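Structure first, then comments.
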Amino acid sequence: MPVTLGPGSASNAGYAPLATAVAAEPRPRLTTMAPRQHTLVVIRHAKAEQVAATDLERELTDQGRADAAAAGEWLAAAGVRPDHAVVSAALRAAQTWEALAGGAGWSLDADLDPGLYSAGPDTALDLVREVDEGNGTVVLVGHNPTMAVLAQLLDDGEGDVEAGNAMATGFPPSAVAVFVVEGDWADLEVARLTGFHVGRG
């Protein structure tokens, strides 16, 4: 006797063959989320005057302003456009940011942080970890030895060899280190060095 798939219907009208029915069902998709990627730029303030009423009030020299502007031009040429900037409240750091942004053509207002003036590497790193995740590129402008030590601690050794070798020789005024950060700001431990430059105007 013929076998029918529908009750009381020899033609099986309205019923799809089993193979077709299985094929029509949506298949689950396995997706993998790529880690969040950020860019961090670590900068030492440019050359400053040696004498002022207080250390916080030391201003950039004319050469320092030119060097900072040149560093900004280099960053802009490299395609760096910051979403957020954390800058020491010391006058020389604030002026470095102004000259840097001017050279790069950025209109971003910096977050002047009094704590970054005296911060050690761990505290400076904590400031970066507190940045909102929506900020893809962050610039940090501070002082030595903190900026130099922070850059060395961040370097995972897997980045640009030439940049790593150049950074290992020193972190002078207007030095710029560019890192790619894989993952969230809050989890930052190490990053990949992609560029190092010392602004000279």
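Residues in the structure tokens are numbered from 1 in each chain, the chains being A, B, ... in the order shown, and ligands are numbered from 1 in the order shown.
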Per residue of segment 22-107 of chain A within 6 Å of segment 125-145 of chain A, what are the shortest atom pair and its distance in Å to one decimal, counting only C-alpha atoms, with rows by chain and residue number, as JSON lines?
```
{"residue": "A:His38", "atom": "CA", "partner": "A:Gly136", "partner_atom": "CA", "distance": 4.9}
{"residue": "A:Thr39", "atom": "CA", "partner": "A:Thr137", "partner_atom": "CA", "distance": 4.6}
{"residue": "A:Leu40", "atom": "CA", "partner": "A:Val138", "partner_atom": "CA", "distance": 5.0}
{"residue": "A:Val41", "atom": "CA", "partner": "A:Val139", "partner_atom": "CA", "distance": 4.6}
{"residue": "A:Val42", "atom": "CA", "partner": "A:Leu140", "partner_atom": "CA", "distance": 5.0}
{"residue": "A:Ile43", "atom": "CA", "partner": "A:Val141", "partner_atom": "CA", "distance": 4.8}
{"residue": "A:Arg44", "atom": "CA", "partner": "A:Gly142", "partner_atom": "CA", "distance": 5.3}
{"residue": "A:His45", "atom": "CA", "partner": "A:Gly142", "partner_atom": "CA", "distance": 5.9}
{"residue": "A:Pro82", "atom": "CA", "partner": "A:Thr137", "partner_atom": "CA", "distance": 4.7}
{"residue": "A:Asp83", "atom": "CA", "partner": "A:Asn135", "partner_atom": "CA", "distance": 5.3}
{"residue": "A:His84", "atom": "CA", "partner": "A:Val138", "partner_atom": "CA", "distance": 4.9}
{"residue": "A:Ala85", "atom": "CA", "partner": "A:Val139", "partner_atom": "CA", "distance": 4.6}
{"residue": "A:Val86", "atom": "CA", "partner": "A:Leu140", "partner_atom": "CA", "distance": 5.0}
{"residue": "A:Val87", "atom": "CA", "partner": "A:Val141", "partner_atom": "CA", "distance": 4.7}
{"residue": "A:Ser88", "atom": "CA", "partner": "A:Gly142", "partner_atom": "CA", "distance": 5.4}
```
Would you mind exporting the chosen residues as a compact mmCIF listing (two decimals), in the first residue's frame, restricted to C-alpha atoms?
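As a result, out.txt now contains:
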```txt
# COMPACT_ATOMS: atom_id res chain seq x y z
CA HIS A 38 42.09 51.21 20.84
CA THR A 39 45.01 53.55 20.18
CA LEU A 40 47.01 55.13 23.01
CA VAL A 41 49.50 57.93 22.42
CA VAL A 42 51.97 58.59 25.26
CA ILE A 43 53.72 61.97 25.06
CA ARG A 44 56.30 63.77 27.16
CA HIS A 45 55.81 67.54 27.26
CA PRO A 82 42.18 61.53 19.25
CA ASP A 83 38.76 61.21 20.82
CA HIS A 84 40.02 62.13 24.28
CA ALA A 85 43.14 63.72 25.77
CA VAL A 86 44.36 63.51 29.36
CA VAL A 87 46.96 66.22 29.98
CA SER A 88 48.87 67.20 33.09
```
Worksheet item: Could you name the residues that touch Glu59 of chain A at 6 Å or less, counting only C-alpha atoms, but leaving out those on the same chain fewer than 4 positions away, as a PyMOL selection string?
Response: chain A and resi 48-49+91-92
In chain A, DSSP helix (DSSP H, G or I) residues written as a compact mmCIF listing (two decimals) with N, CA and C atoms, in the first residue's frame:
```txt
# COMPACT_ATOMS: atom_id res chain seq x y z
N LEU A 18 10.69 15.63 3.60
CA LEU A 18 11.47 15.78 4.82
C LEU A 18 12.77 16.53 4.58
N ALA A 19 13.50 16.18 3.54
CA ALA A 19 14.78 16.81 3.25
C ALA A 19 14.62 18.31 3.04
N THR A 20 13.56 18.69 2.33
CA THR A 20 13.32 20.12 2.06
C THR A 20 12.97 20.85 3.34
N ALA A 21 12.19 20.22 4.18
CA ALA A 21 11.77 20.84 5.43
C ALA A 21 12.98 21.10 6.33
N VAL A 22 13.91 20.15 6.39
CA VAL A 22 15.10 20.31 7.21
C VAL A 22 15.97 21.44 6.67
N ALA A 23 16.10 21.48 5.34
CA ALA A 23 16.95 22.50 4.74
C ALA A 23 16.39 23.89 4.96
N ALA A 24 15.08 24.00 5.09
CA ALA A 24 14.45 25.30 5.23
C ALA A 24 14.61 25.88 6.62
N ASP A 55 57.23 75.34 39.83
CA ASP A 55 57.46 74.34 38.78
C ASP A 55 56.23 74.17 37.90
N LEU A 56 55.04 74.28 38.48
CA LEU A 56 53.80 74.13 37.71
C LEU A 56 53.65 75.22 36.66
N GLU A 57 54.31 76.36 36.87
CA GLU A 57 54.13 77.51 35.98
C GLU A 57 55.21 77.64 34.92
N ASP A 62 60.36 78.71 22.97
CA ASP A 62 59.94 78.82 21.57
C ASP A 62 60.25 77.53 20.83
N GLN A 63 61.42 76.94 21.13
CA GLN A 63 61.78 75.67 20.49
C GLN A 63 60.82 74.57 20.91
N GLY A 64 60.42 74.58 22.18
CA GLY A 64 59.46 73.58 22.65
C GLY A 64 58.13 73.67 21.93
N ARG A 65 57.66 74.88 21.70
CA ARG A 65 56.40 75.05 20.97
C ARG A 65 56.52 74.52 19.54
N ALA A 66 57.66 74.82 18.91
CA ALA A 66 57.88 74.34 17.54
C ALA A 66 57.97 72.82 17.50
N ASP A 67 58.66 72.24 18.49
CA ASP A 67 58.80 70.79 18.54
C ASP A 67 57.45 70.11 18.74
N ALA A 68 56.63 70.67 19.64
CA ALA A 68 55.32 70.08 19.89
C ALA A 68 54.43 70.16 18.65
N ALA A 69 54.50 71.28 17.95
CA ALA A 69 53.73 71.42 16.71
C ALA A 69 54.19 70.40 15.67
N ALA A 70 55.50 70.19 15.59
CA ALA A 70 56.04 69.19 14.65
C ALA A 70 55.58 67.79 15.01
N ALA A 71 55.50 67.50 16.31
CA ALA A 71 55.00 66.19 16.75
C ALA A 71 53.54 66.02 16.34
N GLY A 72 52.77 67.10 16.45
CA GLY A 72 51.38 67.05 16.01
C GLY A 72 51.25 66.79 14.53
N GLU A 73 52.11 67.43 13.75
CA GLU A 73 52.10 67.20 12.30
C GLU A 73 52.39 65.74 11.98
N TRP A 74 53.35 65.16 12.72
CA TRP A 74 53.70 63.75 12.50
C TRP A 74 52.53 62.84 12.83
N LEU A 75 51.85 63.11 13.94
CA LEU A 75 50.71 62.29 14.33
C LEU A 75 49.57 62.40 13.31
N ALA A 76 49.31 63.61 12.83
CA ALA A 76 48.26 63.78 11.84
C ALA A 76 48.60 63.04 10.55
N ALA A 77 49.87 63.09 10.15
CA ALA A 77 50.30 62.38 8.94
C ALA A 77 50.16 60.88 9.11
N LEU A 91 51.56 73.93 33.40
CA LEU A 91 51.46 74.83 32.25
C LEU A 91 52.21 74.31 31.04
N ARG A 92 53.40 73.76 31.23
CA ARG A 92 54.19 73.28 30.09
C ARG A 92 53.52 72.11 29.37
N ALA A 93 52.77 71.29 30.12
CA ALA A 93 52.06 70.18 29.48
C ALA A 93 50.84 70.70 28.73
N ALA A 94 50.12 71.64 29.34
CA ALA A 94 48.96 72.23 28.67
C ALA A 94 49.38 72.95 27.40
N GLN A 95 50.50 73.65 27.44
CA GLN A 95 50.99 74.34 26.25
C GLN A 95 51.48 73.36 25.19
N THR A 96 52.02 72.23 25.64
CA THR A 96 52.41 71.18 24.69
C THR A 96 51.18 70.69 23.94
N TRP A 97 50.09 70.46 24.66
CA TRP A 97 48.86 70.00 24.00
C TRP A 97 48.37 71.04 23.00
N GLU A 98 48.39 72.32 23.39
CA GLU A 98 47.91 73.36 22.49
C GLU A 98 48.73 73.40 21.20
N ALA A 99 50.06 73.35 21.33
CA ALA A 99 50.92 73.38 20.14
C ALA A 99 50.77 72.09 19.33
N LEU A 100 50.67 70.96 20.03
CA LEU A 100 50.50 69.67 19.37
C LEU A 100 49.21 69.65 18.56
N ALA A 101 48.11 70.06 19.20
CA ALA A 101 46.81 70.07 18.52
C ALA A 101 46.81 71.05 17.36
N GLY A 102 47.48 72.19 17.54
CA GLY A 102 47.57 73.15 16.46
C GLY A 102 48.32 72.58 15.26
N GLY A 103 49.43 71.91 15.53
CA GLY A 103 50.20 71.32 14.44
C GLY A 103 49.45 70.20 13.73
N ALA A 104 48.62 69.48 14.49
CA ALA A 104 47.88 68.35 13.91
C ALA A 104 46.56 68.78 13.28
N GLY A 115 46.29 65.49 38.87
CA GLY A 115 46.95 64.31 39.40
C GLY A 115 48.05 63.78 38.52
N LEU A 116 47.97 64.05 37.21
CA LEU A 116 48.97 63.52 36.29
C LEU A 116 50.32 64.22 36.47
N TYR A 117 50.31 65.40 37.05
CA TYR A 117 51.57 66.15 37.26
C TYR A 117 52.54 65.35 38.13
N SER A 118 52.05 64.78 39.20
CA SER A 118 52.93 64.06 40.14
C SER A 118 52.72 62.55 40.07
N PRO A 121 53.97 55.85 37.19
CA PRO A 121 53.46 55.05 36.06
C PRO A 121 52.16 54.32 36.37
N ASP A 122 52.04 53.75 37.57
CA ASP A 122 50.83 53.01 37.91
C ASP A 122 49.61 53.92 37.95
N THR A 123 49.78 55.10 38.54
CA THR A 123 48.67 56.05 38.62
C THR A 123 48.29 56.57 37.24
N ALA A 124 49.30 56.84 36.42
CA ALA A 124 49.03 57.29 35.04
C ALA A 124 48.27 56.22 34.27
N LEU A 125 48.67 54.97 34.46
CA LEU A 125 47.98 53.88 33.79
C LEU A 125 46.54 53.77 34.28
N ASP A 126 46.31 53.99 35.57
CA ASP A 126 44.95 53.95 36.10
C ASP A 126 44.08 55.04 35.47
N LEU A 127 44.66 56.19 35.19
CA LEU A 127 43.90 57.26 34.54
C LEU A 127 43.43 56.82 33.15
N VAL A 128 44.29 56.10 32.44
CA VAL A 128 43.90 55.59 31.12
C VAL A 128 42.82 54.53 31.27
N ARG A 129 42.94 53.69 32.26
CA ARG A 129 41.95 52.63 32.45
C ARG A 129 40.55 53.16 32.76
N THR A 146 57.85 59.49 34.46
CA THR A 146 56.63 58.68 34.37
C THR A 146 56.29 58.26 32.95
N MET A 147 56.35 59.19 31.99
CA MET A 147 55.95 58.85 30.63
C MET A 147 56.90 57.82 30.02
N ALA A 148 58.21 57.98 30.27
CA ALA A 148 59.18 57.04 29.74
C ALA A 148 58.99 55.65 30.33
N VAL A 149 58.80 55.58 31.64
CA VAL A 149 58.63 54.28 32.30
C VAL A 149 57.32 53.64 31.86
N LEU A 150 56.26 54.44 31.77
CA LEU A 150 54.97 53.90 31.34
C LEU A 150 55.07 53.31 29.94
N ALA A 151 55.72 54.02 29.03
CA ALA A 151 55.85 53.52 27.66
C ALA A 151 56.62 52.21 27.62
N GLN A 152 57.68 52.11 28.42
CA GLN A 152 58.46 50.87 28.46
C GLN A 152 57.65 49.72 29.06
N LEU A 153 56.88 50.01 30.10
CA LEU A 153 56.07 48.97 30.73
C LEU A 153 54.95 48.48 29.81
N LEU A 154 54.39 49.39 29.02
CA LEU A 154 53.30 49.02 28.13
C LEU A 154 53.78 48.15 26.96
N VAL A 161 59.84 46.98 15.44
CA VAL A 161 61.18 46.80 15.99
C VAL A 161 61.96 48.11 15.96
N GLU A 162 61.89 48.83 14.86
CA GLU A 162 62.63 50.09 14.74
C GLU A 162 62.13 51.10 15.78
N ALA A 163 60.82 51.17 15.96
CA ALA A 163 60.26 52.09 16.95
C ALA A 163 60.69 51.69 18.36
N GLY A 164 60.70 50.39 18.62
CA GLY A 164 61.12 49.90 19.93
C GLY A 164 62.57 50.22 20.22
N ASN A 165 63.42 50.05 19.21
CA ASN A 165 64.84 50.35 19.40
C ASN A 165 65.06 51.84 19.64
N ALA A 166 64.31 52.68 18.91
CA ALA A 166 64.44 54.13 19.08
C ALA A 166 63.97 54.55 20.47
N MET A 167 62.87 53.99 20.92
CA MET A 167 62.34 54.35 22.23
C MET A 167 63.27 53.90 23.35
N ALA A 168 63.97 52.80 23.13
CA ALA A 168 64.88 52.27 24.15
C ALA A 168 66.08 53.20 24.39
N TRP A 185 39.89 49.50 27.69
CA TRP A 185 40.78 50.37 28.45
C TRP A 185 40.93 49.86 29.88
N ALA A 186 39.82 49.44 30.45
CA ALA A 186 39.83 49.02 31.86
C ALA A 186 40.76 47.84 32.12
N ASP A 187 41.06 47.07 31.08
CA ASP A 187 41.90 45.87 31.24
C ASP A 187 43.33 46.08 30.77
```
Worksheet item: Which residue gives the smallest distance to Asp156 of chain A among A:Gly195, A:Ser174, A:Gln37, A:Glu189, with only C-alpha atoms counted?
Response: A:Glu189
Discussion item. If you run DSSP on the backbone here, which positions in chain A get strand (DSSP E)? Please write them as an MDAnalysis selection string.
Written reply: chainID A and resid 37:44 84:88 111:113 137:142 175:182 192:198
N, CA and C atoms of the current selection, written as a tab-separated table (two decimals), in the first residue's frame:
```
chain	number	residue	atom	x	y	z
A	37	GLN	N	39.59	47.28	19.90
A	37	GLN	CA	40.92	47.80	19.63
A	37	GLN	C	40.95	49.31	19.82
A	38	HIS	N	41.93	49.79	20.57
A	38	HIS	CA	42.09	51.21	20.84
A	38	HIS	C	43.49	51.66	20.43
A	39	THR	N	43.69	52.97	20.40
A	39	THR	CA	45.01	53.55	20.18
A	39	THR	C	45.34	54.46	21.35
A	40	LEU	N	46.53	54.29	21.92
A	40	LEU	CA	47.01	55.13	23.01
A	40	LEU	C	48.28	55.83	22.57
A	41	VAL	N	48.33	57.14	22.76
A	41	VAL	CA	49.50	57.93	22.42
A	41	VAL	C	50.07	58.51	23.71
A	42	VAL	N	51.30	58.13	24.04
A	42	VAL	CA	51.97	58.59	25.26
A	42	VAL	C	53.00	59.65	24.86
A	43	ILE	N	52.88	60.85	25.47
A	43	ILE	CA	53.72	61.97	25.06
A	43	ILE	C	54.36	62.64	26.27
A	44	ARG	N	55.65	62.94	26.16
A	44	ARG	CA	56.30	63.77	27.16
A	44	ARG	C	56.21	65.22	26.69
A	84	HIS	N	39.90	61.65	22.91
A	84	HIS	CA	40.02	62.13	24.28
A	84	HIS	C	41.49	62.37	24.58
A	85	ALA	N	41.76	63.40	25.38
A	85	ALA	CA	43.14	63.72	25.77
A	85	ALA	C	43.20	63.98	27.26
A	86	VAL	N	44.11	63.29	27.94
A	86	VAL	CA	44.36	63.51	29.36
A	86	VAL	C	45.72	64.18	29.46
A	87	VAL	N	45.75	65.40	29.99
A	87	VAL	CA	46.96	66.22	29.98
A	87	VAL	C	47.23	66.72	31.39
A	88	SER	N	48.48	66.64	31.80
A	88	SER	CA	48.87	67.20	33.09
A	88	SER	C	48.46	68.68	33.15
A	111	ASP	N	41.42	67.20	28.72
A	111	ASP	CA	41.06	67.08	30.12
A	111	ASP	C	42.33	67.34	30.93
A	112	LEU	N	42.44	68.53	31.54
A	112	LEU	CA	43.63	68.87	32.32
A	112	LEU	C	43.51	68.24	33.69
A	113	ASP	N	44.39	67.29	33.98
A	113	ASP	CA	44.30	66.50	35.20
A	113	ASP	C	45.43	66.88	36.16
A	137	THR	N	40.64	56.54	20.47
A	137	THR	CA	42.03	56.99	20.51
A	137	THR	C	42.20	58.00	21.64
A	138	VAL	N	43.18	57.75	22.49
A	138	VAL	CA	43.43	58.61	23.66
A	138	VAL	C	44.87	59.09	23.63
A	139	VAL	N	45.06	60.37	23.94
A	139	VAL	CA	46.39	60.96	24.06
A	139	VAL	C	46.65	61.29	25.52
A	140	LEU	N	47.84	60.93	25.99
A	140	LEU	CA	48.25	61.19	27.37
A	140	LEU	C	49.51	62.05	27.32
A	141	VAL	N	49.45	63.26	27.89
A	141	VAL	CA	50.59	64.17	27.88
A	141	VAL	C	51.03	64.41	29.32
A	142	GLY	N	52.26	64.00	29.63
A	142	GLY	CA	52.73	64.14	31.00
A	142	GLY	C	54.21	64.41	31.08
A	175	ALA	N	58.77	63.64	22.97
A	175	ALA	CA	58.75	62.25	22.47
A	175	ALA	C	57.32	61.75	22.41
A	176	VAL	N	57.03	60.96	21.39
A	176	VAL	CA	55.68	60.43	21.15
A	176	VAL	C	55.77	58.93	20.91
A	177	ALA	N	55.02	58.15	21.69
A	177	ALA	CA	54.94	56.70	21.48
A	177	ALA	C	53.48	56.33	21.20
A	178	VAL	N	53.26	55.61	20.12
A	178	VAL	CA	51.92	55.23	19.70
A	178	VAL	C	51.74	53.72	19.89
A	179	PHE	N	50.68	53.35	20.60
A	179	PHE	CA	50.41	51.94	20.91
A	179	PHE	C	49.03	51.53	20.40
A	180	VAL	N	48.92	50.29	19.98
A	180	VAL	CA	47.61	49.67	19.71
A	180	VAL	C	47.26	48.82	20.92
A	181	VAL	N	46.08	49.06	21.46
A	181	VAL	CA	45.60	48.36	22.66
A	181	VAL	C	44.51	47.37	22.25
A	182	GLU	N	44.74	46.10	22.49
A	182	GLU	CA	43.74	45.07	22.21
A	182	GLU	C	42.91	44.85	23.47
A	192	ARG	N	50.81	47.09	21.91
A	192	ARG	CA	51.77	46.91	20.82
A	192	ARG	C	52.24	48.26	20.31
A	193	LEU	N	53.54	48.49	20.39
A	193	LEU	CA	54.12	49.75	19.93
A	193	LEU	C	54.11	49.77	18.39
A	194	THR	N	53.51	50.82	17.81
A	194	THR	CA	53.45	50.92	16.36
A	194	THR	C	54.22	52.12	15.81
A	195	GLY	N	54.64	53.03	16.71
A	195	GLY	CA	55.39	54.17	16.22
A	195	GLY	C	56.05	54.93	17.35
A	196	PHE	N	57.21	55.52	17.08
A	196	PHE	CA	57.89	56.37	18.04
A	196	PHE	C	58.53	57.52	17.28
A	197	HIS	N	58.37	58.72	17.85
A	197	HIS	CA	58.87	59.91	17.14
A	197	HIS	C	59.21	60.98	18.17
A	198	VAL	N	60.22	61.76	17.87
A	198	VAL	CA	60.56	62.92	18.69
A	198	VAL	C	60.37	64.16	17.84
```
Fill in: Best match for closeness to Gly79 of chain A among A:Gly105, A:Arg58, A:Gly159, A:Pro173, counting only C-alpha atoms
A:Gly105
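Relative to atom CA of Val190 of chain A, atom CA of Lys47 of chain A is found at 28.0 Å.
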